[in-house]
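Some notes on the structure that comes next.
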Amino acid sequence: MAIHPPEKRVWWNEPIEKDEIIWIVIAFLWGLVMFGAMVYWHIEGRQNLSTQAYRIDPALFEKRTAEFTKQFTVREEGTTGIPVARPPAGGDVYMLARLWEWWPVLELEKGRSYRLHLSSLDWQHGFSLQPVNINIQVHPGIEHVITLTPTETGTFSVVCNEFCGIGHHTMVGRIHVVEPGATTGGKPQ
Ligand SMILES: [Cu+2]
């Protein structure tokens, strides 16, 4: 009990001011609009993805990504030593996040569909594909599977947009998109 209790015991039970009611109603209606927009953008928008998600042991995901990379590596990315995997069109593709890299670099063909598997080995990271601005939260223990069909050729960056520590700003991956049938490195045959 307070040292000086209010004289009226039920001090809070007063009629609500009209202005306050108006603002409560506006906020409530706007919340409903935003809720509807979330569903609308999921169907009509081009940035909210319909991903499948599964539980996975990070060690198993690392093993699968390593096997995938070993099988399909065609070269190294510049002088970074990071392998570039060029999987067959239509297949499963793996990319992992860890402190502080996206691994491996992928080389995909334009107009072909792939099943991209994404997960983290340690902390939460944010997969942000630039410049198209596609965003996915990547958690350890959860594997996202995204059906991906690149629509234009070029080099796309994967930027981590979830702060993950001292090397966060260096956590940049790559996806190269080349014309179907192009040789590795993107040059036409
Ligand atoms: Cu990060």
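Please note that chains go A, B, ... in the order of the structure tokens, that every chain numbers its residues from 1, and that ligands are numbered from 1 in the order shown.
By chain and then residue number, the residues within 9 Å of range 78-88 of chain A are Phe68, Thr69, Lys70, Gln71, Phe72, Thr73, Val74, Asp92, Val93, Trp103, Pro104, Val105, Leu106, Glu107, Leu108, Glu109, Tyr114, Ile175 and Thr184 of chain A, counting only C-alpha atoms and disregarding those fewer than 4 positions away in sequence.
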Determine, using only C-alpha atoms and all ligand atoms, which residues of chain A have any atom at most 9 Å from an atom of ligand 1, and tabulate each with its shortest atom pair and distance in Å to one decimal place, rows ordered by chain and then rising number, as a Markdown table.
| residue | atom | partner | partner_atom_place_in_ligand_line | distance |
| --- | --- | --- | --- | --- |
| A:Arg98 | CA | ligand 1 | 1 (Cu) | 8.9 |
| A:Leu99 | CA | ligand 1 | 1 (Cu) | 7.8 |
| A:Trp100 | CA | ligand 1 | 1 (Cu) | 7.1 |
| A:Glu101 | CA | ligand 1 | 1 (Cu) | 8.7 |
| A:Trp123 | CA | ligand 1 | 1 (Cu) | 8.8 |
| A:Gln124 | CA | ligand 1 | 1 (Cu) | 7.7 |
| A:His125 | CA | ligand 1 | 1 (Cu) | 5.2 |
| A:Gly126 | CA | ligand 1 | 1 (Cu) | 6.4 |
| A:Phe127 | CA | ligand 1 | 1 (Cu) | 8.8 |
| A:Val159 | CA | ligand 1 | 1 (Cu) | 7.9 |
| A:Cys160 | CA | ligand 1 | 1 (Cu) | 4.4 |
| A:Asn161 | CA | ligand 1 | 1 (Cu) | 5.6 |
| A:Glu162 | CA | ligand 1 | 1 (Cu) | 4.6 |
| A:Phe163 | CA | ligand 1 | 1 (Cu) | 4.2 |
| A:Cys164 | CA | ligand 1 | 1 (Cu) | 4.0 |
| A:Gly165 | CA | ligand 1 | 1 (Cu) | 6.7 |
| A:Ile166 | CA | ligand 1 | 1 (Cu) | 8.8 |
| A:Gly167 | CA | ligand 1 | 1 (Cu) | 7.5 |
| A:His168 | CA | ligand 1 | 1 (Cu) | 4.1 |
| A:His169 | CA | ligand 1 | 1 (Cu) | 6.7 |
| A:Thr170 | CA | ligand 1 | 1 (Cu) | 8.3 |
| A:Met171 | CA | ligand 1 | 1 (Cu) | 6.2 |
| A:Val172 | CA | ligand 1 | 1 (Cu) | 8.9 |
inquiry  = Need to verify the contact set: Val145 in chain A, 7 Å, only C-alpha atoms, exclusion of same-chain residues closer than 2 positions in sequence. Can you return it as a ChimeraX atom specification?
reply    = /A:51-53,115-118,143,147
I need the chosen residues saved as a PDB file, in the first residue's frame, with C-alpha atoms.
ATOM      1  CA  THR A  51       8.838 -20.936 -48.317  1.00  0.00           C
ATOM      2  CA  GLN A  52       8.736 -24.426 -46.919  1.00  0.00           C
ATOM      3  CA  ALA A  53      10.479 -24.803 -43.591  1.00  0.00           C
ATOM      4  CA  ARG A 115      15.082 -25.574 -54.941  1.00  0.00           C
ATOM      5  CA  LEU A 116      17.238 -23.372 -52.740  1.00  0.00           C
ATOM      6  CA  HIS A 117      17.920 -24.767 -49.254  1.00  0.00           C
ATOM      7  CA  LEU A 118      18.951 -22.139 -46.722  1.00  0.00           C
ATOM      8  CA  GLU A 143      15.879 -25.184 -43.134  1.00  0.00           C
ATOM      9  CA  THR A 147      11.659 -22.485 -55.291  1.00  0.00           C
TER      10      THR A 147
END
task = Once DSSP has gone over the backbone, tell me which residues of range 10-180 of chain A are in strand (DSSP E or B), as a ChimeraX atom specification.
result = /A:52-55,73-77,82-85,92-98,101-103,105-109,114-120,125-130,134-138,140,142-148,154-160,172-178
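Atom pair CA of Arg55 in chain A / CA of Ser113 in chain A has a distance of 23.4 Å (rounded to one decimal).
Take CA of Ile146 in chain A and CA of Leu129 in chain A: the distance between them is 13.0 Å.
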Looking only at alpha helix (DSSP H) from DSSP on the backbone, list the matching residues of chain A as a PDB file with C-alpha atoms, in the first residue's frame.
ATOM      1  CA  LYS A  18     -13.958  11.295 -26.475  1.00  0.00           C
ATOM      2  CA  ASP A  19     -10.598  12.116 -28.114  1.00  0.00           C
ATOM      3  CA  GLU A  20      -9.067   9.015 -26.614  1.00  0.00           C
ATOM      4  CA  ILE A  21     -11.857   6.803 -27.931  1.00  0.00           C
ATOM      5  CA  ILE A  22     -11.390   8.255 -31.427  1.00  0.00           C
ATOM      6  CA  TRP A  23      -7.663   7.442 -31.374  1.00  0.00           C
ATOM      7  CA  ILE A  24      -8.264   3.941 -30.030  1.00  0.00           C
ATOM      8  CA  VAL A  25     -10.756   3.285 -32.859  1.00  0.00           C
ATOM      9  CA  ILE A  26      -8.368   4.709 -35.498  1.00  0.00           C
ATOM     10  CA  ALA A  27      -5.471   2.588 -34.208  1.00  0.00           C
ATOM     11  CA  PHE A  28      -7.647  -0.521 -34.088  1.00  0.00           C
ATOM     12  CA  LEU A  29      -8.972  -0.015 -37.644  1.00  0.00           C
ATOM     13  CA  TRP A  30      -5.452   0.671 -38.949  1.00  0.00           C
ATOM     14  CA  GLY A  31      -4.283  -2.543 -37.299  1.00  0.00           C
ATOM     15  CA  LEU A  32      -6.990  -4.398 -39.217  1.00  0.00           C
ATOM     16  CA  VAL A  33      -5.910  -2.728 -42.488  1.00  0.00           C
ATOM     17  CA  MET A  34      -2.285  -3.754 -41.910  1.00  0.00           C
ATOM     18  CA  PHE A  35      -3.353  -7.286 -41.044  1.00  0.00           C
ATOM     19  CA  GLY A  36      -5.229  -7.482 -44.353  1.00  0.00           C
ATOM     20  CA  ALA A  37      -2.274  -5.947 -46.204  1.00  0.00           C
ATOM     21  CA  MET A  38      -0.017  -8.704 -44.870  1.00  0.00           C
ATOM     22  CA  VAL A  39      -2.218 -11.358 -46.487  1.00  0.00           C
ATOM     23  CA  TYR A  40      -2.642  -9.267 -49.655  1.00  0.00           C
ATOM     24  CA  TRP A  41       1.108  -8.759 -50.088  1.00  0.00           C
ATOM     25  CA  HIS A  42       1.778 -12.402 -49.529  1.00  0.00           C
ATOM     26  CA  ILE A  43      -0.444 -13.231 -52.512  1.00  0.00           C
ATOM     27  CA  GLU A  44       0.071 -10.163 -54.747  1.00  0.00           C
ATOM     28  CA  PRO A  58      22.883 -27.702 -38.219  1.00  0.00           C
ATOM     29  CA  ALA A  59      25.614 -30.349 -38.483  1.00  0.00           C
ATOM     30  CA  LEU A  60      23.515 -32.280 -40.999  1.00  0.00           C
ATOM     31  CA  PHE A  61      22.852 -29.143 -43.022  1.00  0.00           C
ATOM     32  CA  GLU A  62      26.582 -28.403 -43.055  1.00  0.00           C
ATOM     33  CA  LYS A  63      27.290 -31.933 -44.264  1.00  0.00           C
ATOM     34  CA  ARG A  64      24.717 -31.705 -47.078  1.00  0.00           C
ATOM     35  CA  THR A  65      25.979 -28.296 -48.186  1.00  0.00           C
ATOM     36  CA  ALA A  66      29.581 -29.551 -48.169  1.00  0.00           C
ATOM     37  CA  GLU A  67      28.621 -32.594 -50.253  1.00  0.00           C
ATOM     38  CA  PHE A  68      26.647 -30.430 -52.691  1.00  0.00           C
ATOM     39  CA  THR A  69      29.554 -28.001 -53.014  1.00  0.00           C
ATOM     40  CA  LYS A  70      32.117 -30.742 -53.478  1.00  0.00           C
ATOM     41  CA  GLN A  71      30.038 -32.273 -56.241  1.00  0.00           C
ATOM     42  CA  PHE A  72      29.339 -29.130 -58.252  1.00  0.00           C
TER      43      PHE A  72
END
remark   = note - CA of Leu148 in chain A and CA of Tyr94 in chain A are separated by 12.0 Å
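When only C-alpha atoms are used to measure the gap to Ser50 in chain A, the shortest distance among A:Val177, A:Ile142, A:Ile136, A:Met95 belongs to A:Ile136.
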